[in-house]
Amino acid sequence: MKRIFFRNKFLPYLLIAPQMVVTIIFFLWPAGEAVLQSFQREDAFGLHTTWVGLANYRALFQDPAYIYSLQVTVVFTIGVTALALISALLLALAVDRTTKAGSTYTTLLVWPYAVAPAVVGVLWWFLFNPTIGLMPYLLSLVGYHWDHALKGDDAMILVIISAAWPQVSYNFLFFVAGLKSIPASMREAAAIDGAGPVKRFFTITLPLLSPTTFFLVVVNFVYAMFATFPVIDATTQGGPADATNILVYKVYQDGFVGLNLGSSAAQSVVLLAIVIVLTVIQFRFIERRIEY
Amino acid sequence: MAAITLEAVGKSYAGGVKVVHSIDLAIEDGEFVVLVGPSGCGKSTLLRMVAGLETVTEGQISIGGRMVNEVEPAERDIAMVFQNYALYPHMTVRQNLAYGLKNRKMAKDEITRRVDEAAQILEIGAFLDRKPRALSGGQRQRVAMGRAIVREPAAFLFDEPLSNLDAKLRVQMRGEIKQLQARLGTTSIYVTHDQLEAMTLAHRLVVLNGGRIEQVGTPLEVYRKPASTFVAAFIGSPAMNLLEARAEGGVAHVGGGRVPLEAAVSGTVTLGLRPEDVRPVDAGTDGAFVLKLAYVEELGAQKLVHGTVEGHKFACALPSDALLGDELHLVPEPGAAHGFDAQSGKRLG
């Protein structure tokens with residue numbers, strides 16, 4: 001790589017300044033505020049704050065609602081990741097088999113990724129609307145009464161589908177690229193070696209895709225845990241009875257709706273810790289790539 | 001062990017592009033046949049059709065007397081060595097060798113026995129537990145062959161297996177493949193664009209051009225009696241000189257000299273003379289033709305003299321101590337001249 005030297009001492013700092021300003025104002029400052037607030041308690045009118053040490057955290061982990069939200073988040077995250085990865089892989093395998101329309105098909109499948117998250121939520125909300133939606137009507141034909149406003153499981157399924165949908169496009173692109181990078185001769189050799197299509201998939205294709213899969217698992221985890229606020233807000237708003245109240249949504253509800261800033265801040269710090277752990281995992285394992 | 005028969009085998013793709021035209025070929029049990037030709041001549045396609053990786057659109061392919069047109073690759077009892085080796089990168093060498101046997105539900109101790117035997121034959125025992133990534137090109141090549149021989153198949157199919165190796169290793173592996181095939185006696189089809197590889201390995205050569213067979217024969221037959229100008233130019237290095245010449249009663253007149261041909265033809269012919277089949281003589285020798293020198297390549301044991309005869313490019317191989325002027329007077333060795341029809345390029349006589 002070519003190294004460039006600047007004679008002017010200040011120019012390099014000037015060049016990275018915009019990025020640094022954005023990072024400081026929109027990330028470091030709020031994050032720092034959150035950390036500070038998580039050790040404080042504020043009165044109802046916001047007139048003065050008192051230091052309470054770890055009281056917010058202690059209260060958090062003794063709060064059944066928070067533990068429940070953690071469980072909901074785990075179910076939601078695993079649900080979104082599994083659904084988005086498996087559907088994307090199936091679609092990618094299908095594209096890999098087509099010879100002619102592959103690129104058209106790929107383009108069409110990538111479109112959902114461009115849909116704004118809130119719109120995604122509204123779209124699925126309409127489709128599954130118990131009164132006017134198409135899906136409840138179809139489900140009623142097979143005898144299932146869908147109502148995500150009343151049934152927690154229905155609501156969970158709805159938010160998982162809504163959140164997974166745009167992510168399918170993203171995963172699909174990576175899987176298509178991953179499949180393209182497996183030489184055709186590898187699968188031909190396996191075919192000659194007596195492995196049928198299913199066996200070939202599990203013993204050759206899947207292991208060779210494992211770096212891609214692992215990367216996507218981490219990305220989808222992060223997405224499901226932290227970037228799904230608009231989807232939840234547009235569909236269930238965490239309801240019914242907190243059945244879809246994932247951690248990120250609870251931060252907003254407790255802080256901005258319930259105005260319990262101390263607890264909300266402590267929750268953000270917990271989330272921050274989770275992001276850091278996921279990032280470390282990503283750097284540790286992905287940057288080194290999965291060994292085979 | 002099996003004979004392989006191709007009857008009127010053709011391949012066309014959707015859209016009517018025809019890449020292989022009606023190939024007839026009978027390969028005997030234990031024979032080593034090399035398909036050779038320039039890129040795009042259909043040789044790889046033909047091999048892949050035998051392997052079952054490409055559908056056969058016309059004709060029949062039989063392996064060991066069984067028609068296999070509709071048989072899955074795995075059921076054809078063949079093993080293939082790919083150009084890029086196609087080793088499974090996530091498996092150790094041992095697992096690579098055992099994969100095909102495991103898929104066929106072979107007993108564990110039989111698998112171990114065969115893998116160890118193959119490892120011993122190919123001298124890859126020391127790195128059975130390594131991944132392909134940790135091997136050199138030549139070692140990978142051995143593993144790829146190991147994967148073929150553990151199966152003890154009816155036939156080996158080689159798809160340009162040496163083209164990813166450096167020149168020195170290629171010569172070495174070439175020798176090893178030849179010995180291995182002789183030792184195992186397994187019917188083999190080998191595809192290459194390298195005429196030297198083809199000449200040295202084959203029991204029989206099949207020269208392909210544009211999806212058609214130009215000539216089938218032992219390496220010496222093909223070298224000594226090329227059936228067409230295409231084969232003449234393709235087989236042999238340095239390539240045969242081909243000149244336009246006027247013939248009268250079986251004697252070609254070129255460059256002021258006279259070259260006797262095998263067939264008593266008259267009219268315009270293409271005269272073929274291998275660089276090593278001419279000999280310099282004194283000026284004024286009866287029948288000698290004149291080569292105007294352009295440049296000389298020293299090869300060590302020989303020198304390759306390039307020039308023109310009546311404006312046509314011509315090369316001749318001379319002893320390295322030969323004395324050169326601006327011109328050389330050359331006569332062909334007796335019976336060395338090849339005559340080809342000027343229009344069709346087919347051999348005359």
# chains A, B, ... in the order shown; residues from 1 in each chain; ligands from 1
call {"tool": "closest_atom_pairs", "arguments": {"of": "chain A", "to": "chain B", "cutoff": "9 Å", "atoms": "only C-alpha atoms", "output": "Markdown table"}}
result
| residue | atom | partner | partner_atom | distance |
| --- | --- | --- | --- | --- |
| A:Pro183 | CA | B:Ala86 | CA | 7.7 |
| A:Ala184 | CA | B:Ala86 | CA | 8.7 |
| A:Ser185 | CA | B:Ala86 | CA | 5.7 |
| A:Met186 | CA | B:Ala86 | CA | 4.8 |
| A:Arg187 | CA | B:Ala86 | CA | 8.4 |
| A:Glu188 | CA | B:Leu53 | CA | 7.0 |
| A:Ala189 | CA | B:Ala86 | CA | 6.5 |
| A:Ala190 | CA | B:Gly100 | CA | 7.6 |
| A:Ala191 | CA | B:Ala74 | CA | 6.0 |
| A:Ile192 | CA | B:Ala74 | CA | 4.4 |
| A:Asp193 | CA | B:Gly100 | CA | 4.2 |
| A:Gly194 | CA | B:Ala74 | CA | 4.5 |
| A:Ala195 | CA | B:Asn103 | CA | 6.0 |
| A:Gly196 | CA | B:Ala74 | CA | 8.7 |
| A:Lys199 | CA | B:Asn103 | CA | 8.8 |
| A:Ile204 | CA | B:Tyr88 | CA | 7.3 |
| A:Pro207 | CA | B:His90 | CA | 7.1 |
| A:Leu208 | CA | B:His90 | CA | 7.1 |
| A:Glu291 | CA | B:His90 | CA | 7.9 |
| A:Tyr292 | CA | B:His90 | CA | 4.2 |
call {"tool": "write_last_selection", "arguments": {"atoms": "C-alpha atoms", "output": "compact mmCIF listing (two decimals), in the first residue's frame"}}
result
# COMPACT_ATOMS: atom_id res chain seq x y z
CA PRO A 183 -15.96 -23.54 -7.63
CA ALA A 184 -18.41 -25.62 -9.67
CA SER A 185 -15.79 -28.36 -9.88
CA MET A 186 -16.07 -28.81 -6.11
CA ARG A 187 -19.70 -29.83 -6.39
CA GLU A 188 -18.98 -31.87 -9.50
CA ALA A 189 -16.24 -33.73 -7.67
CA ALA A 190 -18.66 -34.42 -4.83
CA ALA A 191 -21.27 -35.63 -7.31
CA ILE A 192 -18.74 -38.06 -8.79
CA ASP A 193 -17.81 -39.03 -5.24
CA GLY A 194 -21.34 -40.31 -4.79
CA ALA A 195 -22.89 -37.51 -2.75
CA GLY A 196 -26.49 -36.71 -3.63
CA LYS A 199 -25.60 -34.65 1.17
CA ILE A 204 -19.67 -29.39 0.94
CA PRO A 207 -19.20 -25.89 5.36
CA LEU A 208 -17.73 -23.77 2.57
CA GLU A 291 -10.61 -21.81 9.40
CA TYR A 292 -11.06 -24.61 7.00
call {"tool": "residues_around", "arguments": {"residues": "B:Ala283", "least_positions_apart": "5", "cutoff": "12 Å", "atoms": "only C-alpha atoms", "output": "PyMOL selection string"}}
result
chain B and resi 256-257+288-291+325+327-331
call {"tool": "residues_around", "arguments": {"residues": "A:Leu60", "least_positions_apart": "2", "cutoff": "8 Å", "atoms": "only C-alpha atoms", "output": "list of chain:residue names"}}
result
A:Asn56, A:Tyr57, A:Arg58, A:Gln62, A:Asp63, A:Tyr66, A:Ser263, A:Ala266, A:Gln267
call {"tool": "write_last_selection", "arguments": {"atoms": "all heavy atoms", "output": "JSON list (two decimals), in the first residue's frame"}}
result
[["chain", "number", "residue", "atom", "x", "y", "z"],
["A", 56, "ASN", "N", -29.99, 1.72, 40.11],
["A", 56, "ASN", "CA", -30.77, 1.51, 38.87],
["A", 56, "ASN", "C", -30.55, 0.11, 38.31],
["A", 56, "ASN", "O", -31.49, -0.54, 37.85],
["A", 56, "ASN", "CB", -30.38, 2.55, 37.83],
["A", 56, "ASN", "CG", -31.00, 3.90, 38.13],
["A", 56, "ASN", "OD1", -32.12, 3.96, 38.66],
["A", 56, "ASN", "ND2", -30.28, 4.97, 37.85],
["A", 57, "TYR", "N", -29.28, -0.32, 38.31],
["A", 57, "TYR", "CA", -28.97, -1.64, 37.76],
["A", 57, "TYR", "C", -29.56, -2.75, 38.62],
["A", 57, "TYR", "O", -30.10, -3.73, 38.11],
["A", 57, "TYR", "CB", -27.45, -1.83, 37.66],
["A", 57, "TYR", "CG", -26.82, -0.92, 36.63],
["A", 57, "TYR", "CD1", -26.26, 0.29, 37.00],
["A", 57, "TYR", "CD2", -26.81, -1.29, 35.28],
["A", 57, "TYR", "CE1", -25.70, 1.13, 36.05],
["A", 57, "TYR", "CE2", -26.25, -0.45, 34.34],
["A", 57, "TYR", "CZ", -25.70, 0.75, 34.71],
["A", 57, "TYR", "OH", -25.15, 1.56, 33.78],
["A", 58, "ARG", "N", -29.43, -2.55, 39.96],
["A", 58, "ARG", "CA", -29.96, -3.55, 40.87],
["A", 58, "ARG", "C", -31.47, -3.70, 40.65],
["A", 58, "ARG", "O", -31.97, -4.80, 40.48],
["A", 58, "ARG", "CB", -29.67, -3.16, 42.33],
["A", 58, "ARG", "CG", -29.04, -4.29, 43.13],
["A", 58, "ARG", "CD", -28.67, -3.83, 44.53],
["A", 58, "ARG", "NE", -27.46, -3.00, 44.54],
["A", 58, "ARG", "CZ", -27.36, -1.82, 45.16],
["A", 58, "ARG", "NH1", -28.38, -1.29, 45.79],
["A", 58, "ARG", "NH2", -26.22, -1.15, 45.14],
["A", 62, "GLN", "N", -33.76, -6.97, 39.14],
["A", 62, "GLN", "CA", -34.77, -7.58, 40.03],
["A", 62, "GLN", "C", -36.17, -7.37, 39.49],
["A", 62, "GLN", "O", -37.13, -7.92, 40.01],
["A", 62, "GLN", "CB", -34.65, -6.97, 41.43],
["A", 62, "GLN", "CG", -33.50, -7.57, 42.23],
["A", 62, "GLN", "CD", -33.08, -6.70, 43.40],
["A", 62, "GLN", "OE1", -33.70, -5.67, 43.67],
["A", 62, "GLN", "NE2", -32.01, -7.11, 44.07],
["A", 63, "ASP", "N", -36.26, -6.60, 38.41],
["A", 63, "ASP", "CA", -37.57, -6.28, 37.85],
["A", 63, "ASP", "C", -38.03, -7.41, 36.90],
["A", 63, "ASP", "O", -37.38, -7.65, 35.88],
["A", 63, "ASP", "CB", -37.47, -4.96, 37.07],
["A", 63, "ASP", "CG", -38.80, -4.55, 36.46],
["A", 63, "ASP", "OD1", -39.80, -5.26, 36.70],
["A", 63, "ASP", "OD2", -38.81, -3.53, 35.75],
["A", 66, "TYR", "N", -38.25, -6.54, 33.27],
["A", 66, "TYR", "CA", -37.00, -6.45, 32.50],
["A", 66, "TYR", "C", -36.52, -7.84, 32.10],
["A", 66, "TYR", "O", -36.09, -8.07, 30.96],
["A", 66, "TYR", "CB", -35.93, -5.72, 33.30],
["A", 66, "TYR", "CG", -34.72, -5.41, 32.47],
["A", 66, "TYR", "CD1", -34.78, -4.46, 31.46],
["A", 66, "TYR", "CD2", -33.52, -6.09, 32.66],
["A", 66, "TYR", "CE1", -33.69, -4.19, 30.67],
["A", 66, "TYR", "CE2", -32.41, -5.83, 31.87],
["A", 66, "TYR", "CZ", -32.50, -4.87, 30.87],
["A", 66, "TYR", "OH", -31.43, -4.61, 30.09],
["A", 263, "SER", "N", -33.49, 4.48, 34.95],
["A", 263, "SER", "CA", -33.62, 3.08, 34.56],
["A", 263, "SER", "C", -33.37, 2.93, 33.06],
["A", 263, "SER", "O", -32.64, 2.03, 32.62],
["A", 263, "SER", "CB", -35.02, 2.59, 34.91],
["A", 263, "SER", "OG", -35.20, 1.30, 34.38],
["A", 266, "ALA", "N", -29.75, 3.06, 32.39],
["A", 266, "ALA", "CA", -29.09, 1.81, 32.78],
["A", 266, "ALA", "C", -29.33, 0.73, 31.72],
["A", 266, "ALA", "O", -28.43, -0.03, 31.37],
["A", 266, "ALA", "CB", -29.60, 1.35, 34.14],
["A", 267, "GLN", "N", -30.55, 0.71, 31.18],
["A", 267, "GLN", "CA", -30.87, -0.27, 30.12],
["A", 267, "GLN", "C", -30.02, -0.03, 28.88],
["A", 267, "GLN", "O", -29.52, -0.97, 28.25],
["A", 267, "GLN", "CB", -32.35, -0.17, 29.76],
["A", 267, "GLN", "CG", -33.28, -0.68, 30.84],
["A", 267, "GLN", "CD", -34.73, -0.52, 30.44],
["A", 267, "GLN", "OE1", -35.06, -0.62, 29.27],
["A", 267, "GLN", "NE2", -35.59, -0.27, 31.40]]
call {"tool": "residues_around", "arguments": {"residues": "stretch 177-185 of chain B", "least_positions_apart": "6", "cutoff": "8 Å", "atoms": "only C-alpha atoms", "output": "PyMOL selection string"}}
result
chain B and resi 1+30-32+201
call {"tool": "residues_around", "arguments": {"residues": "A:Thr279", "least_positions_apart": "4", "cutoff": "9 Å", "atoms": "only C-alpha atoms", "output": "count of residues only"}}
result
6
call {"tool": "select_by_dssp", "arguments": {"residues": "stretch 27-187 of chain B", "states": "strand (DSSP E or B)", "output": "list in words"}}
result
Ile27, Phe32, Val33, Val34, Leu35, Val36, Glu58, Gly59, Gln60, Ile61, Ser62, Ile63, Arg66, Met67, Ile78, Ala79, Met80, Val81, Ala155, Phe156, Leu157, Phe158, Asp159 and Thr187 of chain B
call {"tool": "atom_distance", "arguments": {"atom1": "atom CA of A:Met20", "atom2": "atom CA of A:Leu278"}}
result
23.1 Å
call {"tool": "select_by_dssp", "arguments": {"residues": "stretch 154-277 of chain A", "states": "helix (DSSP H, G or I)", "output": "count of residues only"}}
result
101
call {"tool": "atom_distance", "arguments": {"atom1": "atom CA of B:Leu157", "atom2": "atom CA of B:Phe230"}}
result
25.4 Å
call {"tool": "residues_around", "arguments": {"residues": "B:Ala227", "least_positions_apart": "3", "cutoff": "7 Å", "atoms": "only C-alpha atoms", "output": "PyMOL selection string"}}
result
chain B and resi 215+231+346-347
call {"tool": "write_last_selection", "arguments": {"atoms": "all heavy atoms", "output": "short mmCIF file (atom, residue, chain, number, x, y, z; two decimals), in the first residue's frame"}}
result
data_model
loop_
_atom_site.label_atom_id
_atom_site.label_comp_id
_atom_site.auth_asym_id
_atom_site.auth_seq_id
_atom_site.Cartn_x
_atom_site.Cartn_y
_atom_site.Cartn_z
N GLN B 215 -7.83 -36.80 -36.22
CA GLN B 215 -7.05 -38.02 -36.39
C GLN B 215 -6.98 -38.81 -35.09
O GLN B 215 -6.95 -38.23 -34.01
CB GLN B 215 -5.61 -37.66 -36.82
CG GLN B 215 -4.82 -38.89 -37.27
CD GLN B 215 -3.48 -38.51 -37.88
OE1 GLN B 215 -3.07 -37.35 -37.85
NE2 GLN B 215 -2.80 -39.49 -38.45
N VAL B 231 -3.37 -31.19 -37.97
CA VAL B 231 -2.63 -32.11 -37.10
C VAL B 231 -1.13 -31.87 -37.27
O VAL B 231 -0.37 -31.85 -36.30
CB VAL B 231 -2.99 -33.57 -37.42
CG1 VAL B 231 -2.18 -34.52 -36.55
CG2 VAL B 231 -4.47 -33.80 -37.24
N LYS B 346 -6.22 -32.02 -46.40
CA LYS B 346 -6.09 -33.45 -46.11
C LYS B 346 -4.79 -33.99 -46.69
O LYS B 346 -4.27 -33.51 -47.70
CB LYS B 346 -7.26 -34.22 -46.75
CG LYS B 346 -8.61 -33.88 -46.11
CD LYS B 346 -8.85 -34.69 -44.84
CE LYS B 346 -10.14 -34.33 -44.17
NZ LYS B 346 -9.95 -33.48 -42.97
N ARG B 347 -4.30 -35.05 -46.05
CA ARG B 347 -3.04 -35.66 -46.48
C ARG B 347 -3.17 -36.29 -47.85
O ARG B 347 -4.19 -36.91 -48.19
CB ARG B 347 -2.65 -36.73 -45.46
CG ARG B 347 -1.32 -37.38 -45.74
CD ARG B 347 -0.96 -38.42 -44.72
NE ARG B 347 0.41 -38.85 -44.96
CZ ARG B 347 1.46 -38.20 -44.49
NH1 ARG B 347 1.30 -37.13 -43.75
NH2 ARG B 347 2.68 -38.62 -44.75
#
call {"tool": "residues_around", "arguments": {"residues": "B:Cys41", "least_positions_apart": "2", "cutoff": "7 Å", "atoms": "only C-alpha atoms", "output": "PyMOL selection string"}}
result
chain B and resi 37-39+43+208-211
call {"tool": "atom_distance", "arguments": {"atom1": "atom CA of A:Ser268", "atom2": "atom CA of A:Val251"}}
result
6.5 Å
call {"tool": "decode", "arguments": {"residues": "stretch 212-226 of chain A", "atoms": "N, CA, C and O atoms", "output": "short mmCIF file (atom, residue, chain, number, x, y, z; two decimals), in the first residue's frame"}}
result
data_model
loop_
_atom_site.label_atom_id
_atom_site.label_comp_id
_atom_site.auth_asym_id
_atom_site.auth_seq_id
_atom_site.Cartn_x
_atom_site.Cartn_y
_atom_site.Cartn_z
N THR A 212 -19.30 -16.94 5.56
CA THR A 212 -20.41 -16.04 5.24
C THR A 212 -21.51 -16.17 6.29
O THR A 212 -22.02 -15.17 6.79
N THR A 213 -21.88 -17.39 6.62
CA THR A 213 -22.96 -17.62 7.57
C THR A 213 -22.63 -17.01 8.92
O THR A 213 -23.47 -16.35 9.53
N PHE A 214 -21.42 -17.22 9.38
CA PHE A 214 -21.05 -16.71 10.69
C PHE A 214 -21.10 -15.18 10.73
O PHE A 214 -21.64 -14.59 11.66
N PHE A 215 -20.58 -14.59 9.69
CA PHE A 215 -20.63 -13.13 9.58
C PHE A 215 -22.08 -12.65 9.63
O PHE A 215 -22.43 -11.73 10.36
N LEU A 216 -22.95 -13.32 8.88
CA LEU A 216 -24.35 -12.90 8.81
C LEU A 216 -25.07 -13.12 10.14
O LEU A 216 -25.94 -12.33 10.51
N VAL A 217 -24.72 -14.18 10.85
CA VAL A 217 -25.35 -14.41 12.16
C VAL A 217 -25.09 -13.21 13.07
O VAL A 217 -26.02 -12.67 13.68
N VAL A 218 -23.83 -12.77 13.11
CA VAL A 218 -23.51 -11.62 13.97
C VAL A 218 -24.24 -10.38 13.50
O VAL A 218 -24.88 -9.66 14.28
N VAL A 219 -24.21 -10.11 12.20
CA VAL A 219 -24.86 -8.91 11.66
C VAL A 219 -26.37 -8.94 11.95
O VAL A 219 -26.95 -7.94 12.36
N ASN A 220 -26.98 -10.11 11.78
CA ASN A 220 -28.42 -10.22 12.00
C ASN A 220 -28.79 -10.11 13.48
O ASN A 220 -29.83 -9.55 13.82
N PHE A 221 -27.92 -10.63 14.33
CA PHE A 221 -28.12 -10.47 15.78
C PHE A 221 -28.15 -8.99 16.13
O PHE A 221 -29.05 -8.51 16.81
N VAL A 222 -27.13 -8.30 15.65
CA VAL A 222 -27.03 -6.87 15.96
C VAL A 222 -28.25 -6.14 15.41
O VAL A 222 -28.85 -5.31 16.09
N TYR A 223 -28.61 -6.49 14.18
CA TYR A 223 -29.78 -5.86 13.57
C TYR A 223 -31.04 -6.11 14.41
O TYR A 223 -31.75 -5.18 14.76
N ALA A 224 -31.30 -7.36 14.74
CA ALA A 224 -32.54 -7.71 15.44
C ALA A 224 -32.60 -7.05 16.81
O ALA A 224 -33.65 -6.63 17.28
N MET A 225 -31.44 -6.94 17.46
CA MET A 225 -31.44 -6.39 18.81
C MET A 225 -31.52 -4.88 18.82
O MET A 225 -32.10 -4.28 19.73
N PHE A 226 -30.93 -4.22 17.83
CA PHE A 226 -30.78 -2.77 17.96
C PHE A 226 -31.44 -1.96 16.85
O PHE A 226 -31.68 -0.78 17.03
#
